[in-house]
Every structure is written in C-alpha cells, then in structure tokens.
>>> print(open('start_30.cif').read())   # mmCIF, C-alpha atoms
data_start
#
loop_
_atom_site.label_atom_id
_atom_site.label_comp_id
_atom_site.auth_asym_id
_atom_site.auth_seq_id
_atom_site.Cartn_x
_atom_site.Cartn_y
_atom_site.Cartn_z
CA MET A 428 118.50 85.22 73.93
CA PRO A 429 119.11 89.00 74.15
CA ALA A 430 117.48 90.88 77.00
CA VAL A 431 115.32 92.78 74.51
CA PHE A 432 113.50 89.57 73.58
CA GLU A 433 112.94 88.24 77.10
CA GLN A 434 109.33 87.68 78.04
CA ALA A 435 107.69 89.77 80.72
CA PRO A 436 106.90 87.89 83.94
CA SER A 437 103.48 86.32 84.01
CA PRO A 438 100.83 87.82 86.33
CA LEU A 439 101.19 84.78 88.58
CA GLU A 440 104.87 85.60 89.16
CA GLU A 441 104.04 89.20 90.06
CA THR A 442 101.22 88.34 92.47
CA ALA A 443 102.16 88.53 96.13
CA ILE A 444 102.04 85.29 98.06
CA VAL A 445 100.37 87.03 101.01
CA ARG A 446 97.66 89.64 100.48
CA PRO A 447 98.74 93.00 101.95
CA TYR A 448 96.06 93.26 104.61
CA ALA A 449 96.82 89.74 105.82
CA LEU A 450 100.11 91.20 107.06
CA THR A 451 98.16 93.40 109.48
CA GLY A 452 95.59 90.81 110.47
CA GLY A 453 92.96 92.88 108.67
CA ARG A 454 93.66 95.98 110.79
CA THR A 455 93.51 99.29 108.96
CA LYS A 456 94.08 101.83 111.77
CA ALA A 457 97.49 102.82 113.09
CA ASN A 458 98.03 103.91 116.70
CA TYR A 459 100.01 106.95 115.52
CA ALA A 460 99.18 109.84 113.22
CA LEU A 461 101.49 108.84 110.38
CA GLU A 462 101.49 111.33 107.53
CA LEU A 463 103.28 110.61 104.24
CA GLU A 464 106.20 112.79 105.33
CA THR A 465 106.46 111.56 108.93
CA LEU A 466 110.01 110.40 109.57
CA ILE A 467 110.71 107.04 111.19
CA SER A 468 114.07 105.95 112.58
CA THR A 469 115.38 102.81 114.26
CA LYS A 470 116.00 103.23 117.99
CA ASP A 471 119.64 103.12 119.08
CA HIS A 472 119.39 99.92 121.15
CA VAL A 473 117.77 98.11 118.21
CA ALA A 474 120.32 99.45 115.72
CA ALA A 475 123.06 98.08 117.99
CA GLY A 476 121.68 94.57 117.52
CA SER A 477 119.18 94.14 120.33
CA LEU A 478 116.35 92.72 118.24
CA PRO A 479 113.45 91.16 120.20
CA SER A 480 112.37 87.68 119.09
CA VAL A 481 108.87 88.96 118.28
CA ALA A 482 110.32 91.33 115.67
CA ALA A 483 112.55 88.66 114.18
CA GLU A 484 109.50 86.53 113.37
CA GLN A 485 107.96 89.10 111.02
CA ILE A 486 110.11 89.91 107.99
CA GLU A 487 108.31 93.21 107.40
CA CYS A 488 109.31 94.38 110.89
CA VAL A 489 112.94 93.47 110.21
CA SER A 490 112.73 95.30 106.86
CA ILE A 491 111.39 98.43 108.58
CA ILE A 492 114.19 98.31 111.16
CA GLU A 493 116.85 97.88 108.48
CA GLU A 494 115.40 100.60 106.24
CA CYS A 495 115.11 103.12 109.09
CA ARG A 496 118.73 103.01 110.25
CA THR A 497 118.73 106.43 108.62
CA PRO A 498 115.42 108.31 108.99
CA ARG A 499 112.89 107.45 106.28
CA SER A 500 109.44 108.78 105.54
CA VAL A 501 106.33 106.64 105.77
CA ALA A 502 105.95 106.91 101.98
CA GLU A 503 109.51 105.61 101.42
CA ILE A 504 108.92 102.67 103.74
CA ALA A 505 105.66 101.77 101.99
CA ALA A 506 107.45 101.84 98.64
CA THR A 507 110.34 99.73 99.94
CA LEU A 508 108.00 97.12 101.42
CA ARG A 509 105.80 97.25 98.30
CA VAL A 510 102.63 97.47 100.34
CA PRO A 511 99.76 99.97 100.32
CA LEU A 512 100.22 103.06 102.46
CA GLY A 513 97.57 101.93 104.97
CA VAL A 514 99.34 98.62 105.52
CA ALA A 515 102.69 100.37 105.96
CA ARG A 516 101.16 102.70 108.56
CA VAL A 517 99.88 99.75 110.61
CA LEU A 518 103.20 97.88 110.37
CA ILE A 519 105.18 100.99 111.36
CA SER A 520 102.77 101.61 114.23
CA ASP A 521 103.28 98.03 115.44
CA ALA A 522 107.08 98.49 115.32
CA ALA A 523 106.75 101.75 117.27
CA ASP A 524 104.50 100.09 119.88
CA ALA A 525 107.15 97.37 120.31
CA GLY A 526 109.77 100.07 120.96
CA LEU A 527 111.77 99.28 117.82
CA VAL A 528 111.42 102.57 115.95
CA SER A 529 110.90 106.22 116.79
CA VAL A 530 108.13 108.23 115.16
CA HIS A 531 109.31 111.82 114.72
CA LYS A 532 106.70 114.49 115.25
CA THR A 533 105.42 116.32 112.19
CA ILE A 534 103.32 119.44 112.10
CA SER A 535 99.94 118.68 110.58
CA GLY A 536 96.44 120.04 110.72
CA ASN A 537 96.04 122.68 113.42
CA ASP A 538 99.18 121.50 115.24
CA GLY A 539 101.65 124.34 114.92
CA ALA A 540 99.33 126.42 112.76
CA GLU A 541 100.89 129.54 114.29
CA ALA A 542 104.40 128.34 113.34
CA HIS A 543 103.18 127.73 109.78
CA LEU A 544 101.70 131.23 109.64
CA VAL A 545 104.91 132.86 110.90
CA LEU A 546 106.97 130.93 108.35
CA MET A 547 104.63 131.84 105.51
CA GLU A 548 104.73 135.52 106.53
CA ARG A 549 108.55 135.46 106.51
CA VAL A 550 108.57 133.85 103.06
CA LEU A 551 106.08 136.40 101.73
CA SER A 552 108.12 139.25 103.20
CA GLY A 553 111.27 137.89 101.57
CA LEU A 554 109.51 137.58 98.21
CA ARG A 555 108.27 141.15 98.41
CA ARG A 556 111.84 142.37 99.02
CA LEU A 557 112.92 140.75 95.77
#
>>> encode(input="start_30.cif", output="structure tokens")
Amino acid sequence: MPAVFEQAPSPLEETAIVRPYALTGGRTKANYALELETLISTKDHVAAGSLPSVAAEQIECVSIIEECRTPRSVAEIAATLRVPLGVARVLISDAADAGLVSVHKTISGNDGAEAHLVLMERVLSGLRRL
C-alpha cells in the first residue's frame, strides 16, 4: 500500500508508557536556574566513557549525556527527550548534581543587568550611526 494511504498511528501507540512526571518521582523543582537558553554540556571525564552505574540505569540520563557531547540548550534537550520543559529541567539538574554534565551560566533577571545595558547602548549607538 502506498505511503499516502497508510493509517495514522492510534492514540494508544502515541501514548507514552511512563507518564512524564513519573520520570522525576513527582518532583517539579530543579536545583539549578535553568532557562530555556541555558547551555548544558557533558563533562570531559563522562564523554571519555566514565559513566557511573547510577546514570546507566536511567535511559533519560544517558540520553542527556549523549545529546550534550556538544553544548545544547535546555529547550533542545526537552525536545529531544520529548518531555515537558519542567521534567527536562529536573532531569538535567539531577545529571548536574551527579557530576555528569556542566550547566553553563546564563545572564538572566538582574544578573548582569549592567552588562545588558552597556550592550544595548552600544547597539543603539551603532543604529544611530546608520
């Protein structure tokens, strides 16, 4: 039968076997301030193959480690894992607590507000020169 006439998967086939918040044990708070754009990368010793047995037991943790061999944003990781953003934040936080990934600092809120202001002033000045 041509691909055009194939039936769409039934809702039962699309439903996850495990509910997303079961992956976090019902936890909804991360130990890190993880914004959408916060970059996560696998630590060097983990990338070299030193994977603790605790991490190997949870497939999501292994997926995060594999995905973050090159830095990825929290939003990209959530999309890759196909879990809600809140769940991804908790899973990433757990991986960071276990020393498997690095959370790169992002400027948010009042953190670096002066740096934001200086940058915006430079951009405005450049636009005025145009």
>>> residues_around(input="start_30.cif", residues="segment 486-500 of chain A", least_positions_apart="3", cutoff="9 Å", atoms="all atoms listed in the file", output="list in words")
Leu450, Glu462, Leu463, Glu464, Thr465, Leu466, Ile467, Ser468, Thr469, Lys470, Asp471, Val473, Ala474, Leu478, Ala482, Ala483, Glu503, Ile504, Ala505, Thr507, Leu508, Leu518, Ile519, Asp521, Ala522, Leu527 and Val528 of chain A
>>> write_last_selection(input="start_30.cif", atoms="C-alpha atoms", output="short mmCIF file (atom, residue, chain, number, x, y, z; two decimals), in the frame of the given file")
data_model
loop_
_atom_site.label_atom_id
_atom_site.label_comp_id
_atom_site.auth_asym_id
_atom_site.auth_seq_id
_atom_site.Cartn_x
_atom_site.Cartn_y
_atom_site.Cartn_z
CA LEU A 450 100.11 91.20 107.06
CA GLU A 462 101.49 111.33 107.53
CA LEU A 463 103.28 110.61 104.24
CA GLU A 464 106.20 112.79 105.33
CA THR A 465 106.46 111.56 108.93
CA LEU A 466 110.01 110.40 109.57
CA ILE A 467 110.71 107.04 111.19
CA SER A 468 114.07 105.95 112.58
CA THR A 469 115.38 102.81 114.26
CA LYS A 470 116.00 103.23 117.99
CA ASP A 471 119.64 103.12 119.08
CA VAL A 473 117.77 98.11 118.21
CA ALA A 474 120.32 99.45 115.72
CA LEU A 478 116.35 92.72 118.24
CA ALA A 482 110.32 91.33 115.67
CA ALA A 483 112.55 88.66 114.18
CA GLU A 503 109.51 105.61 101.42
CA ILE A 504 108.92 102.67 103.74
CA ALA A 505 105.66 101.77 101.99
CA THR A 507 110.34 99.73 99.94
CA LEU A 508 108.00 97.12 101.42
CA LEU A 518 103.20 97.88 110.37
CA ILE A 519 105.18 100.99 111.36
CA ASP A 521 103.28 98.03 115.44
CA ALA A 522 107.08 98.49 115.32
CA LEU A 527 111.77 99.28 117.82
CA VAL A 528 111.42 102.57 115.95
#
>>> atom_distance(input="start_30.cif", atom1="atom CA of Thr455 of chain A", atom2="atom CA of Ala506 of chain A")
17.5 Å
>>> resolve_selection(input="start_30.cif", expression="the PyMOL selection byres ((chain A and resi 451) around 7)", output="ChimeraX atom specification")
/A:448-450,452-454,514,517-518
>>> atom_distance(input="start_30.cif", atom1="atom CA of Ala542 of chain A", atom2="atom CA of Ala523 of chain A")
27.0 Å
>>> residues_near_point(input="start_30.cif", point="(100.0, 107.3, 116.3)", cutoff="9 Å", atoms="only C-alpha atoms", output="PyMOL selection string")
chain A and resi 457-461+520+523+530
>>> atom_distance(input="start_30.cif", atom1="atom CA of Lys532 of chain A", atom2="atom CA of Leu554 of chain A")
28.8 Å
>>> closest_residue(input="start_30.cif", among="A:Val501, A:Leu557, A:Leu551, A:Leu546", to="Gly513 of chain A", atoms="only C-alpha atoms")
A:Val501
>>> decode(input="start_30.cif", residues="segment 459-522 of chain A", atoms="C-alpha atoms", output="short mmCIF file (atom, residue, chain, number, x, y, z; two decimals), in the first residue's frame")
data_model
loop_
_atom_site.label_atom_id
_atom_site.label_comp_id
_atom_site.auth_asym_id
_atom_site.auth_seq_id
_atom_site.Cartn_x
_atom_site.Cartn_y
_atom_site.Cartn_z
CA TYR A 459 19.68 24.98 39.14
CA ALA A 460 18.22 28.06 37.47
CA LEU A 461 17.74 26.50 34.04
CA GLU A 462 16.41 28.98 31.48
CA LEU A 463 15.32 27.86 28.00
CA GLU A 464 18.62 29.07 26.56
CA THR A 465 20.91 27.72 29.28
CA LEU A 466 23.59 25.58 27.67
CA ILE A 467 24.39 22.11 29.01
CA SER A 468 27.44 20.06 28.06
CA THR A 469 28.76 16.64 29.01
CA LYS A 470 31.78 16.76 31.31
CA ASP A 471 35.06 15.57 29.80
CA HIS A 472 35.53 12.53 32.06
CA VAL A 473 32.00 11.34 31.22
CA ALA A 474 32.45 11.96 27.49
CA ALA A 475 35.59 9.80 27.65
CA GLY A 476 33.48 6.84 28.80
CA SER A 477 33.49 7.08 32.58
CA LEU A 478 29.76 6.58 33.09
CA PRO A 479 28.66 5.87 36.69
CA SER A 480 26.34 2.88 37.16
CA VAL A 481 23.62 5.14 38.59
CA ALA A 482 23.46 7.06 35.30
CA ALA A 483 23.43 3.91 33.21
CA GLU A 484 20.23 2.77 34.95
CA GLN A 485 18.17 5.74 33.74
CA ILE A 486 17.85 5.97 29.97
CA GLU A 487 16.96 9.66 30.12
CA CYS A 488 20.26 10.40 31.86
CA VAL A 489 22.17 8.51 29.17
CA SER A 490 20.21 10.41 26.50
CA ILE A 491 21.14 13.75 28.10
CA ILE A 492 24.81 12.75 28.24
CA GLU A 493 24.81 11.65 24.60
CA GLU A 494 22.91 14.74 23.40
CA CYS A 495 25.20 17.15 25.28
CA ARG A 496 28.51 15.98 23.83
CA THR A 497 28.21 19.29 22.03
CA PRO A 498 26.55 22.03 24.11
CA ARG A 499 22.75 22.01 23.87
CA SER A 500 20.12 24.30 25.31
CA VAL A 501 17.57 23.14 27.86
CA ALA A 502 14.85 23.61 25.23
CA GLU A 503 16.69 21.35 22.75
CA ILE A 504 17.14 18.65 25.37
CA ALA A 505 13.45 18.77 26.32
CA ALA A 506 12.50 18.41 22.65
CA THR A 507 14.92 15.53 22.13
CA LEU A 508 13.66 13.66 25.19
CA ARG A 509 10.05 14.51 24.26
CA VAL A 510 9.21 15.57 27.79
CA PRO A 511 7.75 18.79 29.19
CA LEU A 512 10.22 21.56 29.95
CA GLY A 513 9.75 21.17 33.72
CA VAL A 514 10.60 17.48 33.57
CA ALA A 515 13.67 18.17 31.43
CA ARG A 516 14.86 20.77 33.95
CA VAL A 517 14.64 18.26 36.81
CA LEU A 518 16.40 15.52 34.81
CA ILE A 519 19.18 17.91 33.74
CA SER A 520 19.53 19.12 37.33
CA ASP A 521 19.88 15.51 38.51
CA ALA A 522 22.58 14.86 35.90
#
